[in-house]
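What's in coords-v3.txt: compact mmCIF, C-alpha atoms
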```
# COMPACT_ATOMS: atom_id res chain seq x y z
CA MET G 1 0.00 0.00 0.00
CA LYS G 2 0.89 3.65 -0.26
CA ILE G 3 0.32 5.06 3.20
CA LEU G 4 0.39 8.58 4.61
CA VAL G 5 1.66 8.52 8.20
CA THR G 6 1.36 11.86 9.96
CA GLY G 7 3.60 12.60 12.94
CA THR G 8 6.64 10.76 11.56
CA ALA G 9 9.11 12.99 13.39
CA GLY G 10 7.24 11.85 16.49
CA PHE G 11 7.71 8.81 18.67
CA ILE G 12 5.08 6.36 17.44
CA GLY G 13 4.97 7.68 13.86
CA SER G 14 8.71 7.25 13.30
CA HIS G 15 8.62 3.64 14.46
CA LEU G 16 5.51 2.89 12.39
CA ALA G 17 6.99 4.35 9.20
CA ILE G 18 10.13 2.22 9.50
CA LYS G 19 8.13 -0.96 10.16
CA LEU G 20 5.86 -0.34 7.16
CA LEU G 21 8.87 0.25 4.93
CA GLN G 22 10.50 -2.94 6.15
CA ARG G 23 7.53 -4.98 4.99
CA GLY G 24 7.45 -3.29 1.56
CA ASP G 25 4.88 -0.51 1.81
CA GLU G 26 5.42 2.92 0.27
CA VAL G 27 5.25 5.62 2.95
CA VAL G 28 4.86 9.38 2.93
CA GLY G 29 5.65 10.87 6.33
CA LEU G 30 4.35 14.24 7.48
CA ASP G 31 5.26 16.38 10.49
CA ASN G 32 5.50 20.07 11.34
CA ILE G 33 8.48 19.44 13.69
CA ASN G 34 7.23 21.91 16.29
CA ASP G 35 9.20 22.83 19.41
CA TYR G 36 6.89 21.27 22.01
CA TYR G 37 9.93 19.24 23.09
CA ASP G 38 13.60 18.89 22.12
CA GLN G 39 13.70 19.09 18.32
CA ASN G 40 17.04 17.26 18.24
CA VAL G 41 15.17 14.10 19.22
CA LYS G 42 12.80 14.68 16.29
CA TYR G 43 15.72 15.32 13.95
CA GLY G 44 17.36 12.16 15.26
CA ARG G 45 14.30 10.15 14.26
CA LEU G 46 14.40 11.69 10.78
CA GLN G 47 18.12 10.95 10.55
CA ARG G 48 17.41 7.34 11.51
CA SER G 49 14.98 7.04 8.59
CA GLY G 50 17.38 8.64 6.10
CA ILE G 51 15.53 11.93 5.58
CA ILE G 52 18.48 13.96 6.87
CA ASN G 53 22.18 13.16 7.35
CA SER G 54 22.78 15.04 10.61
CA LEU G 55 20.88 16.78 13.38
CA GLU G 56 22.07 20.18 12.18
CA GLU G 57 20.64 19.48 8.74
CA GLY G 58 17.22 19.07 10.33
CA GLU G 59 17.07 22.79 11.06
CA ASN G 60 16.91 23.49 7.34
CA ILE G 61 14.08 21.16 6.28
CA PRO G 62 12.01 23.22 3.82
CA TYR G 63 8.28 23.63 4.40
CA GLY G 64 5.95 21.93 1.92
CA GLU G 65 8.64 20.13 -0.10
CA LEU G 66 8.62 16.35 -0.48
CA LEU G 67 12.00 14.87 0.47
CA THR G 68 13.05 11.34 -0.41
CA SER G 69 14.89 9.21 2.13
CA LYS G 70 18.56 8.74 1.37
CA THR G 71 18.36 5.10 2.48
CA ASP G 72 14.95 3.97 1.15
CA SER G 73 13.38 5.38 -2.02
CA ASN G 74 9.96 4.14 -0.84
CA TYR G 75 9.98 6.75 1.94
CA LYS G 76 9.20 10.42 1.39
CA PHE G 77 8.79 13.11 4.03
CA ILE G 78 7.09 16.51 4.00
CA LYS G 79 7.21 19.22 6.64
CA LEU G 80 3.62 20.44 6.82
CA ASN G 81 0.97 21.67 9.24
CA LEU G 82 -2.26 19.68 9.30
CA GLU G 83 -4.07 23.02 9.53
CA ASP G 84 -2.77 23.97 6.06
CA LYS G 85 -5.78 22.67 4.15
CA GLU G 86 -4.66 23.79 0.70
CA ALA G 87 -1.27 22.10 1.02
CA MET G 88 -2.89 18.99 2.47
CA PHE G 89 -5.25 18.69 -0.48
CA LYS G 90 -2.37 19.12 -2.92
CA LEU G 91 -0.48 16.33 -1.15
CA PHE G 92 -3.46 13.97 -1.36
CA GLU G 93 -4.04 14.84 -5.01
CA SER G 94 -0.43 14.21 -6.03
CA GLU G 95 0.29 11.11 -3.95
CA LYS G 96 -3.04 9.21 -4.19
CA PHE G 97 -2.87 7.33 -0.91
CA ASP G 98 -4.38 3.91 -0.29
CA ALA G 99 -4.49 4.50 3.46
CA VAL G 100 -3.87 7.21 6.06
CA CYS G 101 -2.68 6.79 9.65
CA ASN G 102 -3.00 10.07 11.54
CA LEU G 103 -0.65 10.16 14.53
CA ALA G 104 0.12 13.90 14.41
CA ALA G 105 -1.34 15.86 17.31
CA GLN G 106 -0.49 18.30 20.03
CA ALA G 107 0.25 15.86 22.83
CA GLY G 108 0.32 16.22 26.59
CA VAL G 109 -2.35 16.41 29.29
CA ARG G 110 -0.62 18.95 31.56
CA TYR G 111 0.47 21.18 28.67
CA SER G 112 -3.20 21.55 27.65
CA LEU G 113 -3.90 23.30 30.96
CA THR G 114 -1.59 26.20 30.10
CA ASN G 115 -1.65 26.21 26.28
CA PRO G 116 -5.19 25.26 25.24
CA ASP G 117 -5.02 27.03 21.88
CA ALA G 118 -2.33 24.63 20.66
CA TYR G 119 -4.82 21.76 20.80
CA MET G 120 -7.45 23.37 18.61
CA GLY G 121 -5.18 23.72 15.59
CA SER G 122 -3.64 20.28 15.11
CA ASN G 123 -6.11 18.14 17.02
CA ILE G 124 -9.40 19.63 15.80
CA ILE G 125 -8.87 21.69 12.64
CA GLY G 126 -6.03 19.46 11.48
CA PHE G 127 -8.06 16.29 11.97
CA MET G 128 -10.96 17.87 10.12
CA ASN G 129 -8.63 18.52 7.19
CA ILE G 130 -7.53 14.86 7.26
CA LEU G 131 -11.17 13.74 7.09
CA GLU G 132 -11.98 16.17 4.29
CA ALA G 133 -8.90 15.16 2.31
CA CYS G 134 -9.84 11.49 2.64
CA ARG G 135 -13.40 12.28 1.56
CA HIS G 136 -12.48 14.28 -1.52
CA HIS G 137 -9.62 12.03 -2.65
CA ASN G 138 -11.36 8.68 -2.22
CA VAL G 139 -9.25 7.38 0.68
CA LYS G 140 -11.44 4.85 2.47
CA ASN G 141 -8.85 3.53 4.96
CA LEU G 142 -8.19 5.87 7.92
CA SER G 143 -6.74 4.97 11.30
CA TYR G 144 -5.96 7.64 13.88
CA ALA G 145 -4.58 8.20 17.35
CA SER G 146 -7.05 8.62 20.16
CA SER G 147 -5.99 8.32 23.79
CA SER G 148 -6.70 6.52 27.06
CA SER G 149 -7.22 10.01 28.50
CA VAL G 150 -10.76 10.00 27.05
CA TYR G 151 -11.79 7.80 30.01
CA GLY G 152 -11.37 10.80 32.30
CA SER G 153 -11.89 9.99 35.97
CA ASN G 154 -13.56 6.67 35.21
CA THR G 155 -12.94 4.35 38.19
CA LYS G 156 -14.14 1.11 36.58
CA LEU G 157 -11.10 -1.00 35.68
CA PRO G 158 -10.09 -2.17 33.18
CA PHE G 159 -11.21 0.60 30.83
CA SER G 160 -13.48 -0.76 28.10
CA THR G 161 -14.55 0.84 24.82
CA SER G 162 -18.12 0.20 25.99
CA ASP G 163 -17.60 2.62 28.92
CA ASN G 164 -19.06 6.10 28.80
CA VAL G 165 -16.42 8.68 27.88
CA ASP G 166 -18.51 11.84 27.94
CA HIS G 167 -16.66 13.47 30.84
CA PRO G 168 -13.05 14.29 29.85
CA ILE G 169 -10.98 16.08 32.49
CA SER G 170 -8.44 17.78 30.19
CA LEU G 171 -8.71 19.65 26.93
CA TYR G 172 -6.34 17.11 25.38
CA ALA G 173 -8.79 14.34 26.24
CA ALA G 174 -11.69 16.41 24.92
CA SER G 175 -9.90 16.89 21.60
CA LYS G 176 -9.36 13.13 21.26
CA LYS G 177 -12.99 12.36 22.08
CA SER G 178 -13.93 14.94 19.45
CA ASN G 179 -11.82 13.08 16.88
CA GLU G 180 -13.78 9.89 17.53
CA LEU G 181 -17.09 11.69 17.03
CA MET G 182 -15.88 13.39 13.86
CA ALA G 183 -14.61 10.08 12.46
CA HIS G 184 -17.94 8.38 13.09
CA THR G 185 -19.73 11.15 11.21
CA TYR G 186 -17.49 10.73 8.16
CA SER G 187 -17.82 6.95 8.27
CA HIS G 188 -21.60 7.32 8.33
CA LEU G 189 -21.88 10.00 5.66
CA PHE G 190 -19.09 9.13 3.25
CA GLY G 191 -18.28 5.44 3.72
CA ILE G 192 -14.76 6.00 5.04
CA SER G 193 -13.48 3.10 7.14
CA THR G 194 -12.17 4.70 10.33
CA THR G 195 -10.52 3.16 13.38
CA GLY G 196 -9.52 5.11 16.48
CA LEU G 197 -6.78 3.78 18.73
CA ARG G 198 -6.87 4.70 22.39
CA PHE G 199 -3.17 4.45 23.28
CA PHE G 200 -2.13 3.58 26.84
CA THR G 201 1.20 5.11 28.03
CA VAL G 202 3.57 4.18 25.22
CA TYR G 203 7.30 3.92 26.02
CA GLY G 204 10.52 2.71 24.42
CA PRO G 205 13.57 3.90 22.42
CA TRP G 206 13.18 7.31 20.79
CA GLY G 207 10.43 8.10 23.30
CA ARG G 208 9.07 11.56 24.07
CA PRO G 209 11.15 13.81 26.37
CA ASP G 210 8.00 14.94 28.21
CA MET G 211 7.10 11.41 29.32
CA ALA G 212 7.94 9.89 32.71
CA LEU G 213 10.55 7.36 31.54
CA PHE G 214 12.58 10.02 29.72
CA LEU G 215 12.29 12.55 32.55
CA PHE G 216 13.19 10.02 35.23
CA THR G 217 16.19 8.66 33.30
CA LYS G 218 17.50 12.15 32.55
CA ALA G 219 17.17 13.25 36.17
CA ALA G 220 18.83 10.09 37.48
CA LEU G 221 21.83 10.50 35.20
CA GLU G 222 22.15 14.17 36.20
CA GLY G 223 21.90 13.34 39.91
CA ARG G 224 18.62 15.21 40.40
CA ALA G 225 15.48 14.20 42.27
CA ILE G 226 12.33 13.26 40.35
CA ASP G 227 8.78 14.45 41.02
CA VAL G 228 6.53 11.47 41.73
CA PHE G 229 2.90 12.54 41.44
CA ASN G 230 -0.01 11.20 43.47
CA ASN G 231 2.62 10.18 46.03
CA GLY G 232 3.60 7.26 43.83
CA GLU G 233 0.11 5.72 43.81
CA MET G 234 -0.26 5.99 40.02
CA LEU G 235 -1.08 2.84 38.08
CA ARG G 236 -0.28 2.86 34.35
CA ASP G 237 -0.73 0.36 31.53
CA PHE G 238 2.79 0.94 30.15
CA THR G 239 2.93 -0.42 26.59
CA TYR G 240 6.16 -0.98 24.66
CA ILE G 241 6.47 0.75 21.29
CA ASP G 242 6.93 -2.46 19.24
CA ASP G 243 3.66 -3.84 20.63
CA ILE G 244 1.88 -0.59 19.76
CA VAL G 245 3.19 -0.58 16.19
CA GLU G 246 2.18 -4.21 15.70
CA GLY G 247 -1.36 -3.30 16.73
CA ILE G 248 -1.51 -0.28 14.42
CA ILE G 249 -0.40 -2.32 11.43
CA ARG G 250 -3.03 -4.96 12.15
CA VAL G 251 -5.65 -2.20 12.17
CA ILE G 252 -4.43 -0.69 8.89
CA ASP G 253 -4.60 -4.11 7.25
CA SER G 254 -8.08 -4.86 8.60
CA GLN G 255 -9.88 -1.75 7.42
CA LYS G 256 -12.03 -3.49 4.81
CA GLU G 257 -14.02 -5.23 7.54
CA ILE G 258 -17.54 -4.06 8.43
CA ARG G 259 -17.56 -3.00 12.06
CA PRO G 260 -19.82 -4.44 14.79
CA THR G 261 -22.95 -3.00 16.38
CA TYR G 262 -23.08 0.46 17.86
CA LEU G 263 -25.41 0.74 20.87
CA PRO G 264 -25.96 4.43 21.63
CA LEU G 265 -28.39 3.77 24.49
CA ASN G 266 -25.72 2.27 26.75
CA GLY G 267 -22.85 4.46 25.57
CA ASP G 268 -21.00 1.73 23.69
CA THR G 269 -18.74 3.52 21.20
CA SER G 270 -16.98 0.45 19.85
CA GLY G 271 -18.89 0.06 16.58
CA SER G 272 -22.03 1.00 14.64
CA LYS G 273 -25.44 -0.66 14.22
CA GLU G 274 -25.78 1.09 10.85
CA GLN G 275 -22.99 -1.14 9.51
CA VAL G 276 -20.78 1.88 8.90
CA LYS G 277 -17.08 1.10 8.86
CA TYR G 278 -16.23 2.60 12.24
CA LYS G 279 -14.37 1.18 15.23
CA VAL G 280 -12.54 2.29 18.35
CA TYR G 281 -9.98 0.02 20.02
CA ASN G 282 -7.99 0.19 23.23
CA ILE G 283 -4.35 -0.58 22.52
CA GLY G 284 -2.38 -1.27 25.68
CA ASN G 285 -0.43 -3.88 27.55
CA ASN G 286 -3.43 -5.16 29.54
CA ASN G 287 -1.10 -5.40 32.56
CA PRO G 288 -0.95 -2.20 34.63
CA VAL G 289 2.20 -1.41 36.60
CA LYS G 290 2.59 0.67 39.76
CA LEU G 291 4.58 3.82 39.12
CA MET G 292 6.98 2.97 41.95
CA ASP G 293 7.67 -0.44 40.37
CA PHE G 294 8.33 1.33 37.07
CA ILE G 295 10.84 3.59 38.83
CA THR G 296 12.46 0.57 40.47
CA ALA G 297 12.97 -0.97 37.01
CA ILE G 298 14.81 2.21 35.93
CA GLU G 299 16.97 2.03 39.05
CA ASN G 300 17.71 -1.64 38.34
CA LYS G 301 18.99 -0.82 34.86
CA LEU G 302 21.02 2.22 35.92
CA GLY G 303 22.35 0.59 39.07
CA LYS G 304 21.53 3.59 41.25
CA ASN G 305 18.80 4.87 43.54
CA ILE G 306 16.81 7.91 42.42
CA GLU G 307 15.87 10.61 44.92
CA LYS G 308 12.10 11.16 44.89
CA ASN G 309 9.94 14.20 45.63
CA MET G 310 6.49 12.84 46.51
CA MET G 311 3.86 15.17 45.03
CA PRO G 312 0.03 15.36 44.98
CA ILE G 313 -1.88 14.36 41.85
CA GLN G 314 -1.89 17.05 39.16
CA PRO G 315 -5.00 18.57 37.52
CA GLY G 316 -6.00 16.54 34.47
CA ASP G 317 -4.18 13.39 35.65
CA VAL G 318 -5.98 10.16 36.40
CA PRO G 319 -4.76 7.82 39.17
CA ALA G 320 -5.00 4.59 37.17
CA THR G 321 -5.21 3.36 33.58
CA TYR G 322 -5.79 -0.24 32.56
CA ALA G 323 -6.76 -1.31 29.04
CA ASP G 324 -9.33 -3.95 28.22
CA VAL G 325 -7.95 -5.11 24.85
CA THR G 326 -10.40 -7.98 24.36
CA ASP G 327 -11.72 -6.61 21.07
CA LEU G 328 -8.27 -6.07 19.60
CA VAL G 329 -7.22 -9.57 20.62
CA SER G 330 -10.35 -11.30 19.31
CA ASP G 331 -10.71 -9.24 16.12
CA LEU G 332 -7.08 -8.92 15.06
CA GLY G 333 -5.02 -11.34 17.15
CA TYR G 334 -3.19 -8.57 19.02
CA GLN G 335 -0.86 -9.86 21.75
CA PRO G 336 1.44 -7.42 23.58
CA ALA G 337 4.53 -9.36 24.61
CA THR G 338 7.23 -7.06 26.03
CA PRO G 339 7.88 -7.15 29.81
CA VAL G 340 8.36 -3.73 31.42
CA GLN G 341 11.93 -4.37 32.60
CA GLU G 342 12.95 -5.45 29.08
CA GLY G 343 11.34 -2.38 27.54
CA ILE G 344 12.96 -0.02 30.04
CA ASP G 345 16.36 -1.64 29.45
CA LYS G 346 16.03 -1.03 25.71
CA PHE G 347 15.00 2.59 26.24
CA ILE G 348 17.93 3.32 28.56
CA ASP G 349 20.38 1.67 26.15
CA TRP G 350 19.09 4.01 23.45
CA TYR G 351 19.20 7.04 25.76
CA LEU G 352 22.82 6.40 26.77
CA ASP G 353 23.82 6.06 23.13
CA PHE G 354 21.89 9.06 21.77
CA PHE G 355 22.96 11.46 24.53
CA ARG G 356 26.50 10.02 24.70
CA PHE G 357 26.80 8.41 28.11
CA ASP G 358 28.99 5.40 28.85
CA LYS G 359 27.55 2.22 30.38
CA GLU G 360 28.22 3.55 33.87
CA GLY G 361 26.13 6.64 33.14
CA ASN G 362 29.04 9.10 32.78
CA LYS G 363 28.78 11.77 30.07
CA ILE G 364 31.29 11.00 27.33
CA ASP G 365 31.56 14.63 26.19
CA GLY G 366 32.29 15.84 29.68
```

Written as structure tokens, how would this file's structure read?
Amino acid sequence: MKILVTGTAGFIGSHLAIKLLQRGDEVVGLDNINDYYDQNVKYGRLQRSGIINSLEEGENIPYGELLTSKTDSNYKFIKLNLEDKEAMFKLFESEKFDAVCNLAAQAGVRYSLTNPDAYMGSNIIGFMNILEACRHHNVKNLSYASSSSVYGSNTKLPFSTSDNVDHPISLYAASKKSNELMAHTYSHLFGISTTGLRFFTVYGPWGRPDMALFLFTKAALEGRAIDVFNNGEMLRDFTYIDDIVEGIIRVIDSQKEIRPTYLPLNGDTSGSKEQVKYKVYNIGNNNPVKLMDFITAIENKLGKNIEKNMMPIQPGDVPATYADVTDLVSDLGYQPATPVQEGIDKFIDWYLDFFRFDKEGNKIDG
């Protein structure tokens, strides 16, 4: 297939693009490479995929110009804002995609408390442009990133796609719930097969610098204390990046299937009784881990104790996430398989290499 993957300078998108290329697909990657977090990490992901030769070269990526990977001619990349509707339509017209996987978004629950405007552009207007481009260019296969944050302060565990998600507690969560509603409308009206993926705390090599594993590792290596929110009583369904990508690919490949029944009276958002091609899946590890155990796994790998500042829960945070992945397992054979200690070990190995530390955690550059 020829697949547009948005967010390919991002964590999940960069891994997905490489995996699709390895199996023989043709991929066009899209990202606006914003400065929400360290752009050198984003440039590093683009360097890994052959779009640029060095991190410095990433600063000069032209806007709106298709670049071909230096290592794989089946991979092209374009720096573009999802909000740029005219440029988006031109891209769809010229490339004629078989499928779209939209992973580009303004991420972060806590950031949405202080910068709400950032979420309206990419997450709402940008997603609308994706839907419109699919509609007008006959792309019937759309998968997109939702989030476990849509469950809000739901206390029923594990979280199921049949649970009511009408009470988000952050603007980020509200934007992701909005995406699901918008997708259903386009599936109903225009026959587009859409699948939303509610991701549960993804981690692994090339991970986001604003996420706990990155922040904790960085602080430990610099000899600083870490802030542990909710006094360490957080429970998270940490899911390794390879398991996430495997699930996404299974969804992309399954999009020709008619989706199951939608029961609006009990709030079940997992399918549609009108036989529209619409589905929402949880995609997680189905094995929640205590935050303190997660920190212990980091300490085990680094061979050092980390000083901890115990903090109250932050606005917009939820105390526990736990994915019911029954539908994804039964429909598509999804089976997450990476133990947390193994995943953390792989992340820290990458971190030490990328930021130039030796195996003892000493900075090579001084």

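We find atom CA of Lys359 of chain G and atom CA of Gly207 of chain G to be spaced 19.4 Å apart.
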
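Of the residues listed (G:Asn102, G:Asn230, G:Thr321, G:Gln335), G:Asn230 shows the shortest atom-to-atom separation from Met292 of chain G; distances use all atoms listed in the file.
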
Kindly indicate which residue among G:Met182, G:Ile249, G:Val280, G:Ile348 lies nearest to Ala297 of chain G, using only C-alpha atoms for the distances. G:Ile348

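Straight-line separation from atom CA of Gly204 of chain G to atom CA of Ser146 of chain G: 19.0 Å.
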
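Counting all atoms listed in the file and comparing G:Leu142, G:Met88, G:Val100, G:Val245, the residue that lies closest to Ser14 of chain G is G:Val245.
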
Go through segment 149-253 of chain G residue by residue and, counting all atoms listed in the file, keep those with an atom at most 12 Å from segment 18-28 of chain G; for each kept residue give the shortest atom pair and its distance in Å to one decimal, ordered by chain and increasing number, as JSON lines.
```
{"residue": "G:Ile241", "atom": "CA", "partner": "G:Lys19", "partner_atom": "CA", "distance": 11.4}
{"residue": "G:Asp242", "atom": "CA", "partner": "G:Lys19", "partner_atom": "CA", "distance": 9.3}
{"residue": "G:Asp243", "atom": "CA", "partner": "G:Lys19", "partner_atom": "CA", "distance": 11.7}
{"residue": "G:Ile244", "atom": "CA", "partner": "G:Lys19", "partner_atom": "CA", "distance": 11.5}
{"residue": "G:Val245", "atom": "CA", "partner": "G:Lys19", "partner_atom": "CA", "distance": 7.8}
{"residue": "G:Glu246", "atom": "CA", "partner": "G:Lys19", "partner_atom": "CA", "distance": 8.8}
{"residue": "G:Gly247", "atom": "CA", "partner": "G:Lys19", "partner_atom": "CA", "distance": 11.8}
{"residue": "G:Ile248", "atom": "CA", "partner": "G:Leu20", "partner_atom": "CA", "distance": 10.3}
{"residue": "G:Ile249", "atom": "CA", "partner": "G:Leu20", "partner_atom": "CA", "distance": 7.8}
{"residue": "G:Arg250", "atom": "CA", "partner": "G:Leu20", "partner_atom": "CA", "distance": 11.2}
{"residue": "G:Ile252", "atom": "CA", "partner": "G:Leu20", "partner_atom": "CA", "distance": 10.4}
{"residue": "G:Asp253", "atom": "CA", "partner": "G:Leu20", "partner_atom": "CA", "distance": 11.1}
```

Expected residue set, 10 Å radius at (-15.6, 0.7, 26.4), only C-alpha atoms, as number ranges by chain: G: 151, 158-165, 267-270, 280-282, 323-325, 327

Among G:Gln255, G:Thr326, G:Ser193, G:Asn81, Arg135 of chain G is approached most closely, using all atoms listed in the file, by G:Ser193

Test item: residues at most 9 Å from Gly13 of chain G, all atoms listed in the file, excluding those fewer than 4 positions along its chain, as an mmCIF file with C-alpha atoms, in the frame of the given file:
```
data_model
loop_
_atom_site.group_PDB
_atom_site.id
_atom_site.type_symbol
_atom_site.label_atom_id
_atom_site.label_comp_id
_atom_site.auth_asym_id
_atom_site.auth_seq_id
_atom_site.Cartn_x
_atom_site.Cartn_y
_atom_site.Cartn_z
ATOM 1 C CA VAL G 5 1.660 8.520 8.200
ATOM 2 C CA THR G 6 1.360 11.860 9.960
ATOM 3 C CA GLY G 7 3.600 12.600 12.940
ATOM 4 C CA THR G 8 6.640 10.760 11.560
ATOM 5 C CA ALA G 9 9.110 12.990 13.390
ATOM 6 C CA ALA G 17 6.990 4.350 9.200
ATOM 7 C CA ILE G 18 10.130 2.220 9.500
ATOM 8 C CA GLY G 29 5.650 10.870 6.330
ATOM 9 C CA CYS G 101 -2.680 6.790 9.650
ATOM 10 C CA ASN G 102 -3.000 10.070 11.540
ATOM 11 C CA LEU G 103 -0.650 10.160 14.530
ATOM 12 C CA ALA G 104 0.120 13.900 14.410
ATOM 13 C CA VAL G 245 3.190 -0.580 16.190
#
```

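With atom CA of Gly196 of chain G on one side and atom CA of Tyr144 of chain G on the other, the separation reads 5.1 Å.
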
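Counting all atoms listed in the file, Asp227 of chain G has the following residues at most 12 Å away, ignoring those fewer than 5 positions along the same chain: G:Ala212, G:Leu213, G:Leu215, G:Phe216, G:Ala219, G:Ala220, G:Gly232, G:Leu291, G:Met292, G:Ile295, G:Ile306, G:Glu307, G:Lys308, G:Asn309, G:Met310, G:Met311, G:Pro312, G:Ile313, G:Gln314.
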
Can segment 186-199 of chain G be brought up to N, CA and C atoms and written out as an mmCIF file, in the coordinates of the input?
```
data_model
loop_
_atom_site.group_PDB
_atom_site.id
_atom_site.type_symbol
_atom_site.label_atom_id
_atom_site.label_comp_id
_atom_site.auth_asym_id
_atom_site.auth_seq_id
_atom_site.Cartn_x
_atom_site.Cartn_y
_atom_site.Cartn_z
ATOM 1 N N TYR G 186 -17.987 10.921 9.522
ATOM 2 C CA TYR G 186 -17.490 10.730 8.160
ATOM 3 C C TYR G 186 -17.638 9.284 7.702
ATOM 4 N N SER G 187 -17.542 8.346 8.633
ATOM 5 C CA SER G 187 -17.820 6.950 8.270
ATOM 6 C C SER G 187 -19.276 6.802 7.845
ATOM 7 N N HIS G 188 -20.166 7.409 8.604
ATOM 8 C CA HIS G 188 -21.600 7.320 8.330
ATOM 9 C C HIS G 188 -21.978 8.014 7.016
ATOM 10 N N LEU G 189 -21.453 9.204 6.821
ATOM 11 C CA LEU G 189 -21.880 10.000 5.660
ATOM 12 C C LEU G 189 -21.181 9.621 4.370
ATOM 13 N N PHE G 190 -19.892 9.249 4.459
ATOM 14 C CA PHE G 190 -19.090 9.130 3.250
ATOM 15 C C PHE G 190 -18.439 7.762 3.057
ATOM 16 N N GLY G 191 -18.766 6.801 3.915
ATOM 17 C CA GLY G 191 -18.280 5.440 3.720
ATOM 18 C C GLY G 191 -16.802 5.239 3.966
ATOM 19 N N ILE G 192 -16.173 6.151 4.714
ATOM 20 C CA ILE G 192 -14.760 6.000 5.040
ATOM 21 C C ILE G 192 -14.622 5.013 6.191
ATOM 22 N N SER G 193 -13.744 4.041 6.055
ATOM 23 C CA SER G 193 -13.480 3.100 7.140
ATOM 24 C C SER G 193 -12.519 3.746 8.124
ATOM 25 N N THR G 194 -12.995 4.011 9.348
ATOM 26 C CA THR G 194 -12.170 4.700 10.330
ATOM 27 C C THR G 194 -12.005 3.855 11.593
ATOM 28 N N THR G 195 -10.798 3.859 12.127
ATOM 29 C CA THR G 195 -10.520 3.160 13.380
ATOM 30 C C THR G 195 -9.699 4.065 14.291
ATOM 31 N N GLY G 196 -10.241 4.341 15.476
ATOM 32 C CA GLY G 196 -9.520 5.110 16.480
ATOM 33 C C GLY G 196 -8.797 4.188 17.437
ATOM 34 N N LEU G 197 -7.603 4.585 17.824
ATOM 35 C CA LEU G 197 -6.780 3.780 18.730
ATOM 36 C C LEU G 197 -6.518 4.559 20.010
ATOM 37 N N ARG G 198 -7.077 4.067 21.103
ATOM 38 C CA ARG G 198 -6.870 4.700 22.390
ATOM 39 C C ARG G 198 -5.581 4.144 23.004
ATOM 40 N N PHE G 199 -4.485 4.888 22.815
ATOM 41 C CA PHE G 199 -3.170 4.450 23.280
ATOM 42 C C PHE G 199 -3.062 4.565 24.800
#
```
